Amino acid sequence: MAEQEEDFSSLPLPDRFQHKLWKVRKAAYEDAAKQFEITPDEHDPAFRPFLNDPGLWKGAAADSNVAAQQEGVAALCAFLKFGGREGCTRTRGHTITPLIEKGLASTRAATKASAQEAILLYVELDVAAPVVEELLPALSNKQPKVVAATLATLTAIYHNYGCKTVDPKPVLKILPKAFAHADKNVRAEATNLAVEFYRWLREAMKPMFWNDLKPTQQTDLEAQFEKVKSEPTPKQERFLRSQQAAMSRAPPPGAAVVEDEDEAEEPAEIDAFDLTEPQDVLSKVAPNFSDQLASTKWKERKDALEALYTVLNVPRIKDGDFGEVVRGLAKSMKDANIAVVTQAAQCIETLAKGLRKSFSKYRSIVSGPIMERMKEKKASVQDALGSTLDQVFLATSLTECLEETLEFLKHKNPSVKEGTMKFLIRALRTTREAPTKPEVTQIVEAAKKLITESVEVLRAGGAEILGTVMKIMGERAMGPHLEGLDDIRKIKIKEYFEVAEVKAKDKPKPPPAAVAPKAAPAAAPRKVIAGTKKPAPKKAAPAPSPYAQEPLAPQPTARSAPSSKLGAPKPSGLATPGGGLKAPLKSKLAGPGSLASPRRPAAQAAPPLEEDIPAPPRLGLGGRGLAGRSLAKAPALNAAPPISSMSPPPDSGLTALERAELEELRLDKDRLLRQADDFRQERSRLNSEVQELKNHNAQLIEDHTRDVLSIKAKETQLVRARSDCEAAEAMCGQLRREMERLKRALTSAERVNSPPLMTSPGRDTYSDDGGIYRDTGLYGATQDNPRAGYGQRQGHLSYNSTLSEEKENSGDGIAPTSYSRSKLSPDLYRNGRTSAASGSGGRGSPVNANYRSTESKGEAGGNGQGVESWKRAAEVTSALKAKIEQMKVCVPSL
């Protein structure tokens, strides 16, 4: 067995970790833990096999043998403790689940403690979120002992690292599930976890899960909370590796540490806003909310605001467009009913509390109406408005609210002035940012005016404002502002100053800036940049970068001759070149290069030794000092013999390496200056381009304006044309109706004057003429002016014309006929009437009359005159047709 054990011990650790014998595995775990403890750092080769194969730790954490498992979990703790962050991140996904299921639920106390320590180390080495994410699924495990052990581990995590390092929100969400578990041990561990949360979060934790608990559980928890209420605020007991590194880099002075601790303790209490998820309440607001606020009944307005308050009353509100809602609430500040005003103020307060910083964009909408409404004398309204203003201020800052607040301090209403004054006092007490000097001046001037008021409350408020500002800025800073006040008022201000409690402090930083130059005044009297950040007398090794950034004048003096800067180089300049320069160079290079070996500067001493000879003559030529030519031309001056006589004045303790670095710095400076010139030129070019673009934009705006005006002019012309078109259409319609009327009159006239059918062959000619007469519509065109028609007839008729000719040319079938008959002789009239009476056609018509007159004239003068009359009638008819065609041309729509 001993030989087998020796054989097993000779195997590599990874093979022994996977061996089938539990004793071999147990021995391997013990050997691994010992190797990890003696490693110099986390990069030791002993960690490499386990980093390459992190699954080895899964088997170690879940070993089937409880004795081997105990040693395996202990080895894992040693690996995490000495292996660093890389070991944590590579093995975390393989080991946490076995540690929960096998380690935390083990029957051995040592195994359970080691498993819990391993989980805490996983949190310490990296961050807590992945570890908590791996622990949460174990709360749904079927075995109650696993769930209880997981809850105990979570309690240990939050107890050691605190709720500021480990986010409590994921655990608070599922905490009610643990309280509803059937196993009493699980519920007991859930109670312990809730009490631990209460130690850190206080009342801010309740909105996350409190309503999901049973009343009896709430009562039991309240009893447990009462036991820890009197305890002081807990502090973080274990720190992450990143926090430990930051603490090691922190400056040691005690004053600065005390100030940081004070500042860190201020925001120690976590509120519910940081723990809860934002809720979308904008979609729940009534769509007709604005209409309800505009109702004439105050009861309906109040009901709308109450419904809005119910929607907005959540711990955290998701940001959205609340502009319309805020404007409606601001308008409600002017409501005549104080119940509506109070409810609107509560809605604004709830919205500002839920939005926090996102509410700052609505501050200008509500602040003015709220301060204006402070004229209300009822105490409940004043309290509601003041509380709303305080919440609005918490969502913004003093700078944003100050201007409007100072304006309302000048209000003519004393109530408004008093309410604004109280709000300013509360704002100065709660602000975490000290006001700037111009803001302090404005506040002091406004407070001085309040001190001179006739009302005692305003005078006391002015003194309190000055005392609070003095508490923030300090007595010395407020001294010049209080000049000119009498002693009584100064005493009053001093009393308020002593009792004032503020959260902001003015932090003038001139004293620390003045201490930095004093750290190395003797070492660098003429090189300010060398001693601003790296004080040479304090420590030389931890500053690896001065050679790359600053001249090295202060450092050799700090080592070689602290009393004088020029004392050390003079002996080295007079010494022999073989050994006098070598030792100082070695001492100089060993300091800044803390990560390099001390032997490296000795190996590099030879090249500077050769360059050290020609350098002083170069510095002495022309009296230009270090601003001379580059080092590349220095070998040309090697023949200059008077080195010892010329080197001491210009050298002043600078070695060749330092001069080379100084020259490089000058080259860098020249390069930066050139870059600055290039940037200035580029800026000028860009400015010119911007100006050109502005001009082009102005031209485009002008063209656009011109086009808009032209379009408007065209639109005006189009409107006028449309109106003219409508008027023309109306006139055309009127003419069309008139034409229809005339046509109807013409048709009726034709019916009256239509001739009877005649059997004589000669009647065909007359009938054709009558047809032409009927088609022309002559009477309708001349009926409106019968006198004009009569005038035309007078131009065509003669003494020898017959009655039928008169009837053809007349415009009327009745009146002109009677008139023309009166002009004829009695015999002709009688003959015509007789012929009309004796005719067989019934009614008298122009054709019939024409025929009769022609027949009677044939008896007197023959048939020649009758034919001539018919020709004249045809001519008249043609002329009338032409007139009708002209009328149609004048009115195209007809």
# chains A, B, ... in the order shown; residues from 1 in each chain; ligands from 1
call {"tool": "residues_around", "arguments": {"residues": "Lys145 in chain A", "least_positions_apart": "2", "cutoff": "8 Å", "atoms": "only C-alpha atoms", "output": "ChimeraX atom specification"}}
result
/A:105,143,147-149,185-186
call {"tool": "atom_distance", "arguments": {"atom1": "CA of Pro98 in chain A", "atom2": "CA of Thr153 in chain A"}}
result
14.1 Å
call {"tool": "closest_residue", "arguments": {"among": "A:Val171, A:Leu409, A:Ile884, A:Ile96", "to": "Lys743 in chain A", "atoms": "only C-alpha atoms"}}
result
A:Ile884
call {"tool": "atom_distance", "arguments": {"atom1": "CA of Leu154 in chain A", "atom2": "CA of Ala182 in chain A"}}
result
19.7 Å
call {"tool": "atom_distance", "arguments": {"atom1": "CA of Phe79 in chain A", "atom2": "CA of Phe36 in chain A"}}
result
6.1 Å
call {"tool": "residues_around", "arguments": {"residues": "Leu385 in chain A", "least_positions_apart": "2", "cutoff": "12 Å", "atoms": "only C-alpha atoms", "output": "number ranges by chain"}}
result
A: 330, 333, 338, 341-349, 366-383, 387-392, 416, 419-420, 422-423
call {"tool": "closest_residue", "arguments": {"among": "A:Pro232, A:Gly467, A:Gly354, A:Pro168", "to": "Ile491 in chain A", "atoms": "only C-alpha atoms"}}
result
A:Gly467
call {"tool": "residues_around", "arguments": {"residues": "range 10-17 of chain A", "least_positions_apart": "3", "cutoff": "10 Å", "atoms": "only C-alpha atoms", "output": "PyMOL selection string"}}
result
chain A and resi 4-7+20-29+31-32+46+49-50+53+56-57+59-60+63+72
